[in-house]
>>> print(open('entry_29.cif').read())   # mmCIF, C-alpha atoms and all ligand atoms
data_target
#
loop_
_atom_site.group_PDB
_atom_site.id
_atom_site.type_symbol
_atom_site.label_atom_id
_atom_site.label_comp_id
_atom_site.auth_asym_id
_atom_site.auth_seq_id
_atom_site.Cartn_x
_atom_site.Cartn_y
_atom_site.Cartn_z
ATOM 1 C CA MET X 23 134.703 282.762 135.790
ATOM 2 C CA TYR X 24 131.099 281.846 136.557
ATOM 3 C CA ILE X 25 129.502 279.683 133.885
ATOM 4 C CA LEU X 26 125.754 280.192 134.067
ATOM 5 C CA LYS X 27 123.230 278.118 132.166
ATOM 6 C CA THR X 28 119.814 278.299 133.764
ATOM 7 C CA LEU X 29 117.707 281.199 134.945
ATOM 8 C CA SER X 30 118.355 280.200 138.539
ATOM 9 C CA ASP X 31 122.151 280.215 137.876
ATOM 10 C CA LEU X 32 121.728 283.779 136.679
ATOM 11 C CA GLU X 33 119.546 284.796 139.622
ATOM 12 C CA LYS X 34 121.982 283.187 142.085
ATOM 13 C CA PHE X 35 124.905 285.034 140.492
ATOM 14 C CA LYS X 36 123.039 288.335 140.672
ATOM 15 C CA LYS X 37 122.069 287.744 144.305
ATOM 16 C CA GLU X 38 125.439 286.562 145.544
ATOM 17 C CA HIS X 39 127.897 288.506 143.448
ATOM 18 C CA SER X 40 126.428 291.827 142.460
ATOM 19 C CA ASN X 41 125.064 294.707 144.394
ATOM 20 C CA LYS X 42 123.967 298.271 143.728
ATOM 21 C CA LYS X 43 127.455 299.638 144.247
ATOM 22 C CA MET X 44 128.991 297.450 141.545
ATOM 23 C CA LEU X 45 128.598 298.250 137.877
ATOM 24 C CA LEU X 46 127.661 295.296 135.695
ATOM 25 C CA GLY X 47 128.546 295.398 131.989
ATOM 26 C CA LEU X 48 126.826 293.068 129.528
ATOM 27 C CA VAL X 49 128.246 291.979 126.169
ATOM 28 C CA PRO X 50 125.533 290.178 124.180
ATOM 29 C CA THR X 51 126.961 287.776 121.579
ATOM 30 C CA MET X 52 126.041 284.774 119.483
ATOM 31 C CA GLY X 53 129.345 283.042 120.319
ATOM 32 C CA ALA X 54 132.106 281.897 117.940
ATOM 33 C CA LEU X 55 134.087 284.610 119.642
ATOM 34 C CA HIS X 56 136.975 286.481 118.040
ATOM 35 C CA ALA X 57 139.066 289.540 118.831
ATOM 36 C CA GLY X 58 136.127 291.825 117.914
ATOM 37 C CA HIS X 59 134.001 290.354 120.706
ATOM 38 C CA LEU X 60 136.951 290.398 123.104
ATOM 39 C CA ALA X 61 137.432 294.123 122.411
ATOM 40 C CA LEU X 62 133.890 294.665 123.724
ATOM 41 C CA VAL X 63 134.745 292.647 126.838
ATOM 42 C CA LYS X 64 137.928 294.677 127.381
ATOM 43 C CA ALA X 65 136.067 297.972 126.949
ATOM 44 C CA ALA X 66 133.505 296.761 129.491
ATOM 45 C CA GLN X 67 136.236 295.779 131.931
ATOM 46 C CA LYS X 68 137.583 299.342 131.872
ATOM 47 C CA GLU X 69 134.237 300.787 132.965
ATOM 48 C CA CYS X 70 132.536 298.084 134.992
ATOM 49 C CA ASP X 71 133.289 296.065 138.123
ATOM 50 C CA GLN X 72 131.848 292.932 136.559
ATOM 51 C CA VAL X 73 131.467 291.852 132.965
ATOM 52 C CA MET X 74 128.987 289.276 131.768
ATOM 53 C CA VAL X 75 128.972 287.859 128.246
ATOM 54 C CA SER X 76 125.823 286.189 126.989
ATOM 55 C CA ILE X 77 126.109 283.583 124.270
ATOM 56 C CA PHE X 78 122.850 282.867 122.502
ATOM 57 C CA VAL X 79 122.293 282.154 118.822
ATOM 58 C CA ASN X 80 118.997 283.975 118.566
ATOM 59 C CA PRO X 81 116.740 282.144 116.079
ATOM 60 C CA THR X 82 114.312 285.053 115.687
ATOM 61 C CA GLN X 83 116.896 287.322 114.068
ATOM 62 C CA PHE X 84 117.807 284.892 111.293
ATOM 63 C CA ASP X 85 116.036 284.990 107.946
ATOM 64 C CA GLN X 86 114.014 281.932 106.993
ATOM 65 C CA GLY X 87 116.146 279.300 105.318
ATOM 66 C CA SER X 88 119.274 281.259 106.178
ATOM 67 C CA ASP X 89 122.485 280.338 107.946
ATOM 68 C CA LEU X 90 120.969 279.647 111.402
ATOM 69 C CA ASP X 91 121.842 275.945 111.155
ATOM 70 C CA ARG X 92 125.373 276.496 109.982
ATOM 71 C CA TYR X 93 126.068 279.307 112.471
ATOM 72 C CA PRO X 94 129.165 278.117 114.388
ATOM 73 C CA ARG X 95 128.580 276.905 117.945
ATOM 74 C CA GLU X 96 131.745 276.344 119.929
ATOM 75 C CA HIS X 97 130.971 276.982 123.583
ATOM 76 C CA GLU X 98 134.034 275.240 125.044
ATOM 77 C CA ARG X 99 136.407 277.386 123.024
ATOM 78 C CA ASP X 100 134.398 280.571 123.722
ATOM 79 C CA ILE X 101 134.414 279.887 127.462
ATOM 80 C CA ALA X 102 138.196 279.306 127.431
ATOM 81 C CA LEU X 103 138.723 282.639 125.605
ATOM 82 C CA LEU X 104 136.532 284.491 128.096
ATOM 83 C CA LYS X 105 138.345 282.907 131.058
ATOM 84 C CA ASP X 106 141.644 284.042 129.534
ATOM 85 C CA VAL X 107 140.575 287.681 129.367
ATOM 86 C CA GLY X 108 139.261 287.612 132.935
ATOM 87 C CA CYS X 109 135.551 287.931 132.188
ATOM 88 C CA THR X 110 133.438 287.655 135.380
ATOM 89 C CA ALA X 111 130.634 285.455 134.065
ATOM 90 C CA VAL X 112 129.240 283.921 130.913
ATOM 91 C CA TRP X 113 125.575 283.100 130.463
ATOM 92 C CA VAL X 114 124.725 280.405 127.922
ATOM 93 C CA PRO X 115 120.943 280.038 128.042
ATOM 94 C CA ASP X 116 118.885 277.527 126.089
ATOM 95 C CA THR X 117 116.246 278.771 123.677
ATOM 96 C CA SER X 118 113.529 277.679 126.126
ATOM 97 C CA ILE X 119 114.899 280.122 128.708
ATOM 98 C CA ILE X 120 114.924 283.082 126.364
ATOM 99 C CA TYR X 121 111.629 282.134 124.695
ATOM 100 C CA PRO X 122 109.655 280.104 127.244
ATOM 101 C CA GLU X 123 106.320 278.501 126.497
ATOM 102 C CA GLY X 124 103.755 281.239 125.893
ATOM 103 C CA PHE X 125 106.256 283.948 124.961
ATOM 104 C CA ALA X 126 104.233 286.428 122.917
ATOM 105 C CA THR X 127 105.958 289.804 122.833
ATOM 106 C CA HIS X 128 107.895 291.261 119.925
ATOM 107 C CA ILE X 129 109.548 294.645 119.870
ATOM 108 C CA MET X 130 109.298 296.504 116.599
ATOM 109 C CA VAL X 131 111.649 299.446 116.127
ATOM 110 C CA GLU X 132 110.986 301.797 113.225
ATOM 111 C CA GLY X 133 113.150 304.835 112.367
ATOM 112 C CA PRO X 134 116.736 303.557 112.088
ATOM 113 C CA ALA X 135 115.528 299.955 111.622
ATOM 114 C CA ARG X 136 113.458 300.614 108.522
ATOM 115 C CA GLN X 137 115.950 300.634 105.691
ATOM 116 C CA TRP X 138 119.086 298.691 104.651
ATOM 117 C CA GLU X 139 119.344 295.545 106.785
ATOM 118 C CA GLY X 140 115.783 296.147 107.968
ATOM 119 C CA ALA X 141 114.398 296.198 104.429
ATOM 120 C CA ARG X 142 116.447 293.247 103.193
ATOM 121 C CA ARG X 143 115.912 291.071 106.238
ATOM 122 C CA PRO X 144 112.293 291.479 107.391
ATOM 123 C CA GLY X 145 111.940 290.635 111.072
ATOM 124 C CA HIS X 146 115.683 290.755 111.714
ATOM 125 C CA PHE X 147 115.737 293.881 113.869
ATOM 126 C CA SER X 148 112.558 292.876 115.638
ATOM 127 C CA GLY X 149 114.359 289.656 116.600
ATOM 128 C CA VAL X 150 117.401 291.625 117.755
ATOM 129 C CA ALA X 151 115.348 294.191 119.709
ATOM 130 C CA THR X 152 113.265 291.485 121.383
ATOM 131 C CA VAL X 153 116.199 289.353 122.495
ATOM 132 C CA VAL X 154 118.214 292.369 123.660
ATOM 133 C CA SER X 155 115.222 293.630 125.692
ATOM 134 C CA ARG X 156 114.804 290.233 127.279
ATOM 135 C CA LEU X 157 118.519 290.085 128.145
ATOM 136 C CA PHE X 158 118.309 293.566 129.663
ATOM 137 C CA GLY X 159 115.220 292.573 131.647
ATOM 138 C CA LEU X 160 116.779 289.394 133.012
ATOM 139 C CA ILE X 161 120.355 290.562 133.575
ATOM 140 C CA LYS X 162 119.705 294.231 134.415
ATOM 141 C CA PRO X 163 123.135 295.486 133.351
ATOM 142 C CA ASP X 164 124.269 299.060 133.996
ATOM 143 C CA PHE X 165 126.142 299.200 130.677
ATOM 144 C CA SER X 166 125.872 297.148 127.504
ATOM 145 C CA TYR X 167 128.445 296.965 124.724
ATOM 146 C CA PHE X 168 127.798 296.630 120.995
ATOM 147 C CA GLY X 169 130.161 296.667 118.024
ATOM 148 C CA GLU X 170 130.159 299.347 115.362
ATOM 149 C CA LYS X 171 130.657 296.407 112.985
ATOM 150 C CA ASP X 172 126.852 296.150 113.047
ATOM 151 C CA TRP X 173 126.387 299.906 112.813
ATOM 152 C CA GLN X 174 122.675 299.870 112.101
ATOM 153 C CA GLN X 175 122.037 297.375 114.909
ATOM 154 C CA LEU X 176 123.851 299.683 117.334
ATOM 155 C CA GLN X 177 121.602 302.612 116.331
ATOM 156 C CA VAL X 178 118.485 300.432 116.577
ATOM 157 C CA VAL X 179 119.438 299.361 120.112
ATOM 158 C CA ARG X 180 120.213 302.961 121.106
ATOM 159 C CA ARG X 181 116.823 304.096 119.758
ATOM 160 C CA MET X 182 114.968 301.334 121.586
ATOM 161 C CA VAL X 183 116.749 302.047 124.883
ATOM 162 C CA ILE X 184 115.829 305.730 124.646
ATOM 163 C CA ASP X 185 112.241 305.088 123.549
ATOM 164 C CA LEU X 186 111.497 302.416 126.147
ATOM 165 C CA ALA X 187 113.545 304.133 128.876
ATOM 166 C CA PHE X 188 115.625 301.062 129.676
ATOM 167 C CA PRO X 189 117.960 301.892 132.580
ATOM 168 C CA VAL X 190 121.130 300.885 130.722
ATOM 169 C CA ILE X 191 123.887 302.853 129.017
ATOM 170 C CA ILE X 192 124.753 301.665 125.521
ATOM 171 C CA LYS X 193 128.355 301.825 124.383
ATOM 172 C CA GLY X 194 129.511 301.419 120.766
ATOM 173 C CA ILE X 195 132.978 299.943 120.181
ATOM 174 C CA PRO X 196 135.010 300.484 116.967
ATOM 175 C CA ILE X 197 135.394 297.682 114.430
ATOM 176 C CA ILE X 198 138.287 295.278 114.982
ATOM 177 C CA ARG X 199 139.875 294.251 111.692
ATOM 178 C CA GLU X 200 142.234 291.582 110.429
ATOM 179 C CA ASN X 201 145.691 292.873 109.461
ATOM 180 C CA ASP X 202 144.552 293.225 105.852
ATOM 181 C CA GLY X 203 141.534 295.349 106.832
ATOM 182 C CA LEU X 204 138.750 292.767 106.671
ATOM 183 C CA ALA X 205 136.304 293.395 109.535
ATOM 184 C CA MET X 206 136.397 290.376 111.865
ATOM 185 C CA SER X 207 133.256 288.282 111.717
ATOM 186 C CA SER X 208 132.200 284.773 112.700
ATOM 187 C CA ARG X 209 131.123 284.329 109.101
ATOM 188 C CA ASN X 210 134.559 284.994 107.575
ATOM 189 C CA ARG X 211 135.452 281.331 108.090
ATOM 190 C CA PHE X 212 132.959 280.425 105.367
ATOM 191 C CA LEU X 213 134.949 282.351 102.729
ATOM 192 C CA SER X 214 136.839 280.106 100.300
ATOM 193 C CA PRO X 215 140.591 280.838 100.009
ATOM 194 C CA ASP X 216 139.909 282.764 96.800
ATOM 195 C CA GLU X 217 137.067 284.780 98.377
ATOM 196 C CA ARG X 218 139.225 285.465 101.428
ATOM 197 C CA THR X 219 141.881 287.115 99.236
ATOM 198 C CA LYS X 220 139.189 289.298 97.657
ATOM 199 C CA ALA X 221 137.429 290.208 100.912
ATOM 200 C CA PRO X 222 139.727 293.044 102.112
ATOM 201 C CA SER X 223 138.903 295.100 99.040
ATOM 202 C CA LEU X 224 135.516 295.877 100.619
ATOM 203 C CA TYR X 225 137.175 298.041 103.268
ATOM 204 C CA GLU X 226 139.763 299.367 100.776
ATOM 205 C CA ASN X 227 136.952 300.625 98.570
ATOM 206 C CA LEU X 228 135.152 302.215 101.511
ATOM 207 C CA LEU X 229 138.360 304.048 102.460
ATOM 208 C CA LYS X 230 138.803 305.287 98.880
ATOM 209 C CA ALA X 231 135.173 306.375 98.709
ATOM 210 C CA ARG X 232 135.477 308.309 101.969
ATOM 211 C CA GLU X 233 138.486 310.204 100.577
ATOM 212 C CA LYS X 234 136.422 311.290 97.570
ATOM 213 C CA LEU X 235 133.259 311.988 99.563
ATOM 214 C CA ARG X 236 135.144 314.337 101.872
ATOM 215 C CA LYS X 237 136.203 316.464 98.893
ATOM 216 C CA GLU X 238 133.142 316.501 96.671
ATOM 217 C CA SER X 239 129.674 317.873 97.167
ATOM 218 C CA LYS X 240 128.109 315.674 94.462
ATOM 219 C CA THR X 241 128.155 312.191 95.920
ATOM 220 C CA GLN X 242 125.920 310.004 93.746
ATOM 221 C CA HIS X 243 128.591 309.267 91.144
ATOM 222 C CA ILE X 244 131.092 308.353 93.896
ATOM 223 C CA LEU X 245 128.669 305.778 95.265
ATOM 224 C CA GLU X 246 128.090 304.420 91.751
ATOM 225 C CA GLU X 247 131.823 304.186 91.012
ATOM 226 C CA THR X 248 132.465 302.453 94.332
ATOM 227 C CA GLN X 249 129.686 299.976 93.686
ATOM 228 C CA GLN X 250 131.161 299.219 90.269
ATOM 229 C CA ALA X 251 134.644 298.790 91.752
ATOM 230 C CA LEU X 252 133.229 296.331 94.285
ATOM 231 C CA GLN X 253 131.447 294.390 91.561
ATOM 232 C CA LYS X 254 134.681 294.238 89.592
ATOM 233 C CA ALA X 255 136.438 292.905 92.684
ATOM 234 C CA GLY X 256 133.922 290.033 92.768
ATOM 235 C CA PHE X 257 131.281 291.335 95.185
ATOM 236 C CA ASP X 258 127.564 291.135 94.688
ATOM 237 C CA VAL X 259 126.587 294.443 96.317
ATOM 238 C CA ASP X 260 123.390 294.340 98.332
ATOM 239 C CA TYR X 261 123.531 298.041 99.218
ATOM 240 C CA LEU X 262 126.090 300.794 99.494
ATOM 241 C CA ALA X 263 124.681 303.934 101.058
ATOM 242 C CA LEU X 264 125.713 307.264 102.477
ATOM 243 C CA VAL X 265 123.566 307.799 105.556
ATOM 244 C CA ASP X 266 123.223 309.877 108.673
ATOM 245 C CA GLY X 267 124.962 307.817 111.340
ATOM 246 C CA HIS X 268 122.127 308.058 113.874
ATOM 247 C CA SER X 269 118.895 308.003 111.878
ATOM 248 C CA LEU X 270 120.265 305.876 108.999
ATOM 249 C CA ALA X 271 118.423 308.187 106.584
ATOM 250 C CA SER X 272 120.144 308.665 103.201
ATOM 251 C CA GLN X 273 122.344 311.729 102.882
ATOM 252 C CA ASP X 274 123.639 313.449 99.792
ATOM 253 C CA ARG X 275 126.702 314.997 101.406
ATOM 254 C CA TRP X 276 129.468 313.751 103.637
ATOM 255 C CA THR X 277 129.358 315.331 107.112
ATOM 256 C CA HIS X 278 131.037 314.538 110.415
ATOM 257 C CA THR X 279 128.062 312.349 111.401
ATOM 258 C CA SER X 280 127.875 310.485 108.080
ATOM 259 C CA ARG X 281 128.361 306.776 107.723
ATOM 260 C CA LEU X 282 129.069 304.894 104.536
ATOM 261 C CA ILE X 283 127.434 301.495 105.025
ATOM 262 C CA CYS X 284 127.700 298.428 102.835
ATOM 263 C CA ALA X 285 126.450 294.863 102.629
ATOM 264 C CA ALA X 286 127.973 292.745 99.887
ATOM 265 C CA ARG X 287 128.174 289.058 99.128
ATOM 266 C CA LEU X 288 131.210 287.035 98.191
ATOM 267 C CA GLY X 289 129.787 283.688 97.118
ATOM 268 C CA SER X 290 127.410 282.627 99.884
ATOM 269 C CA VAL X 291 128.939 284.887 102.537
ATOM 270 C CA ARG X 292 127.313 288.224 103.202
ATOM 271 C CA LEU X 293 129.819 290.754 104.528
ATOM 272 C CA LEU X 294 128.923 293.962 106.355
ATOM 273 C CA ASP X 295 131.211 296.943 106.758
ATOM 274 C CA ASN X 296 130.948 300.672 107.369
ATOM 275 C CA ILE X 297 133.072 303.731 107.817
ATOM 276 C CA GLY X 298 132.638 307.234 109.226
ATOM 277 C CA GLU X 299 134.795 310.110 110.416
ATOM 278 C CA TYR X 300 135.225 308.828 113.947
HETATM 279 P P1 LIG X 401 127.598 288.636 117.130
HETATM 280 O O1 LIG X 401 128.108 287.519 118.002
HETATM 281 O O2 LIG X 401 128.030 288.546 115.716
HETATM 282 O O3 LIG X 401 126.124 288.874 117.315
HETATM 283 O O4 LIG X 401 128.293 289.942 117.683
HETATM 284 C C1 LIG X 401 128.202 290.296 119.051
HETATM 285 C C2 LIG X 401 128.673 291.707 119.190
HETATM 286 O O5 LIG X 401 130.031 291.800 118.767
HETATM 287 C C3 LIG X 401 127.877 292.701 118.339
HETATM 288 O O6 LIG X 401 127.646 293.872 119.089
HETATM 289 C C4 LIG X 401 128.796 292.939 117.168
HETATM 290 O O7 LIG X 401 128.616 294.197 116.558
HETATM 291 C C5 LIG X 401 130.161 292.858 117.847
HETATM 292 N N1 LIG X 401 131.216 292.564 116.860
HETATM 293 C C6 LIG X 401 131.238 291.546 115.978
HETATM 294 N N2 LIG X 401 132.335 291.639 115.196
HETATM 295 C C7 LIG X 401 132.997 292.749 115.585
HETATM 296 C C8 LIG X 401 134.199 293.396 115.147
HETATM 297 N N3 LIG X 401 134.924 292.920 114.130
HETATM 298 N N4 LIG X 401 134.569 294.527 115.772
HETATM 299 C C9 LIG X 401 133.820 295.039 116.793
HETATM 300 N N5 LIG X 401 132.692 294.474 117.248
HETATM 301 C C10 LIG X 401 132.272 293.347 116.655
#
>>> encode(input="entry_29.cif", output="structure tokens", more="lines below")
Ligand code: AMP
Amino acid sequence: MYILKTLSDLEKFKKEHSNKKMLLGLVPTMGALHAGHLALVKAAQKECDQVMVSIFVNPTQFDQGSDLDRYPREHERDIALLKDVGCTAVWVPDTSIIYPEGFATHIMVEGPARQWEGARRPGHFSGVATVVSRLFGLIKPDFSYFGEKDWQQLQVVRRMVIDLAFPVIIKGIPIIRENDGLAMSSRNRFLSPDERTKAPSLYENLLKAREKLRKESKTQHILEETQQALQKAGFDVDYLALVDGHSLASQDRWTHTSRLICAARLGSVRLLDNIGEY
């Protein structure tokens, strides 16, 4: 596996090891890799000749005073995992490579970025859109893989790629869960043992809510009941919403394109999860 650090490492790799006939798949990550990230790599390997993972903890997508400093950084372990799965290359750029002196461009997506995470974390999706654009510009992948775990992020990236006509195909990969249903996340390690036992009830409650939403045309009370059940289970619910899966606009009925999205805190850990029909 090629371990690339600088811009010239990346350029050399592109020059020597890729050509127009080979499909390059990119998996952008912030590291602290787990089976969810590796599922994206495996999906990429099925469709592409070469798979590159980028590891970059992007400061511009973190809220001020948030968990940027405590975000886990474990490059050696990540690189070993990627070698094991037969990834072609990993790019681990410094902040000065992604945001060099004089960097002055920020991408602002509206539409699907407006509400939910966008409203609670001002600047977050602009940070995501900007770093993803820069990665696309530098790496020029044919395909790029994103997890449905961050459902809204996936729709924001899709929107941006369409609007700005980036020559890349975006693929969304289903959520990988622990055996008890908790969506895998680099942040799960910050759950205390007690919080960890409570955490799976987020997904359990989403599953129960989906059962009810499928059957009933009045949905508001189902959302309220689910929110109450989550609070009872120890969650501080940030939002629980029934939305159109592409536009992220609120819906009042469950359809085949609906998504039930939720952000909820257990102690200091903010968990995200979502569920749809497919
Ligand atoms: P992150 O390193 O948290 O920025 O995540 C990098 C990519 O992995 C994003 O596209 C995430 O949506 C995706 N991802 C993270 N956790 C999971 C999971 N449990 N299942 C599927 N994809 C995931």
>>> closest_residue(input="entry_29.cif", among="X:Gln242, X:Asn210, X:Gln137, X:Thr51", to="Val154 in chain X", atoms="all atoms listed in the file")
X:Thr51
>>> resolve_selection(input="entry_29.cif", expression="the PyMOL selection byres (((chain X and resi 190) around 12) and not hetatm)", output="MDAnalysis selection string")
chainID X and resid 45:48 154:155 157:159 161:167 179:180 182:184 186:189 191:193
>>> residues_near_ligand(input="entry_29.cif", ligand="ligand LIG 401 (chain X)", cutoff="9 Å", atoms="all atoms listed in the file", output="JSON, numbers by chain")
{"X": [49, 50, 51, 52, 53, 54, 55, 56, 57, 58, 59, 60, 61, 62, 77, 78, 79, 80, 167, 168, 169, 170, 171, 172, 173, 175, 176, 194, 195, 196, 197, 198, 199, 200, 204, 205, 206, 207, 208, 209]}
>>> resolve_selection(input="entry_29.cif", expression="the PyMOL selection byres (((chain X and resi 252) around 12) and not hetatm)", output="ChimeraX atom specification")
/X:220-228,230-231,245-251,253-262,284-288
>>> resolve_selection(input="entry_29.cif", expression="the PyMOL selection byres (((chain X and resi 100-113) around 8) and not hetatm)", output="ChimeraX atom specification")
/X:23-27,32,53-55,60,63-64,67,72-77,96-99,114-115
>>> atom_distance(input="entry_29.cif", atom1="CA of Leu90 in chain X", atom2="CA of Arg156 in chain X")
20.1 Å
>>> residues_near_point(input="entry_29.cif", point="(129.7, 304.1, 103.6)", cutoff="9 Å", atoms="all atoms listed in the file", output="tab-separated table (two decimals) with C-alpha atoms, keeping the file's coordinate frame")
chain	number	residue	atom	x	y	z
X	228	LEU	CA	135.15	302.21	101.51
X	229	LEU	CA	138.36	304.05	102.46
X	231	ALA	CA	135.17	306.38	98.71
X	232	ARG	CA	135.48	308.31	101.97
X	245	LEU	CA	128.67	305.78	95.26
X	262	LEU	CA	126.09	300.79	99.49
X	263	ALA	CA	124.68	303.93	101.06
X	264	LEU	CA	125.71	307.26	102.48
X	265	VAL	CA	123.57	307.80	105.56
X	280	SER	CA	127.88	310.48	108.08
X	281	ARG	CA	128.36	306.78	107.72
X	282	LEU	CA	129.07	304.89	104.54
X	283	ILE	CA	127.43	301.50	105.02
X	284	CYS	CA	127.70	298.43	102.84
X	295	ASP	CA	131.21	296.94	106.76
X	296	ASN	CA	130.95	300.67	107.37
X	297	ILE	CA	133.07	303.73	107.82
X	298	GLY	CA	132.64	307.23	109.23
>>> atom_distance(input="entry_29.cif", atom1="CA of Gly145 in chain X", atom2="CA of Glu217 in chain X")
28.8 Å
>>> atom_distance(input="entry_29.cif", atom1="CA of Phe35 in chain X", atom2="CA of Thr152 in chain X")
23.3 Å
>>> residues_around(input="entry_29.cif", residues="Gln174 in chain X", least_positions_apart="5", cutoff="9 Å", atoms="only C-alpha atoms", output="MDAnalysis selection string")
chainID X and resid 134:135 138:140 179 267:270 283
>>> closest_residue(input="entry_29.cif", among="X:Val131, X:Leu29, X:Leu294, X:Met44", to="Ile119 in chain X", atoms="all atoms listed in the file")
X:Leu29
>>> closest_residue(input="entry_29.cif", among="X:Arg92, X:Arg136, X:Lys234, X:Lys68", to="Ser272 in chain X", atoms="all atoms listed in the file")
X:Arg136
>>> closest_residue(input="entry_29.cif", among="X:Thr219, X:Thr117, X:Leu213, X:Glu238", to="Leu293 in chain X", atoms="all atoms listed in the file")
X:Leu213
>>> closest_residue(input="entry_29.cif", among="X:Ile129, X:Leu160, X:Val178, X:Ala66", to="Ser30 in chain X", atoms="all atoms listed in the file")
X:Leu160
>>> residues_around(input="entry_29.cif", residues="His146 in chain X", least_positions_apart="6", cutoff="7 Å", atoms="only C-alpha atoms", output="list in words")
Gln83, Phe84, Asp85 and Gly140 of chain X
>>> build_atoms(input="entry_29.cif", residues="range 152-165 of chain X", atoms="N, CA and C atoms", output="compact mmCIF listing (two decimals), keeping the file's coordinate frame")
# COMPACT_ATOMS: atom_id res chain seq x y z
N THR X 152 113.97 292.31 120.40
CA THR X 152 113.26 291.48 121.38
C THR X 152 114.25 290.74 122.28
N VAL X 153 115.27 290.13 121.66
CA VAL X 153 116.20 289.35 122.50
C VAL X 153 117.02 290.28 123.40
N VAL X 154 117.41 291.44 122.85
CA VAL X 154 118.21 292.37 123.66
C VAL X 154 117.37 292.88 124.85
N SER X 155 116.10 293.18 124.60
CA SER X 155 115.22 293.63 125.69
C SER X 155 115.11 292.56 126.76
N ARG X 156 114.96 291.33 126.30
CA ARG X 156 114.80 290.23 127.28
C ARG X 156 116.10 290.06 128.09
N LEU X 157 117.24 290.17 127.42
CA LEU X 157 118.52 290.08 128.15
C LEU X 157 118.63 291.22 129.16
N PHE X 158 118.25 292.42 128.74
CA PHE X 158 118.31 293.57 129.66
C PHE X 158 117.38 293.33 130.86
N GLY X 159 116.19 292.81 130.58
CA GLY X 159 115.22 292.57 131.65
C GLY X 159 115.71 291.52 132.64
N LEU X 160 116.34 290.48 132.13
CA LEU X 160 116.78 289.39 133.01
C LEU X 160 118.08 289.72 133.74
N ILE X 161 119.01 290.35 133.01
CA ILE X 161 120.36 290.56 133.57
C ILE X 161 120.46 291.91 134.30
N LYS X 162 119.69 292.87 133.84
CA LYS X 162 119.70 294.23 134.42
C LYS X 162 121.11 294.83 134.48
N PRO X 163 121.79 294.91 133.34
CA PRO X 163 123.14 295.49 133.35
C PRO X 163 123.07 297.00 133.49
N ASP X 164 124.18 297.59 133.96
CA ASP X 164 124.27 299.06 134.00
C ASP X 164 124.73 299.59 132.64
N PHE X 165 125.62 298.83 131.99
CA PHE X 165 126.14 299.20 130.68
C PHE X 165 125.98 298.00 129.75
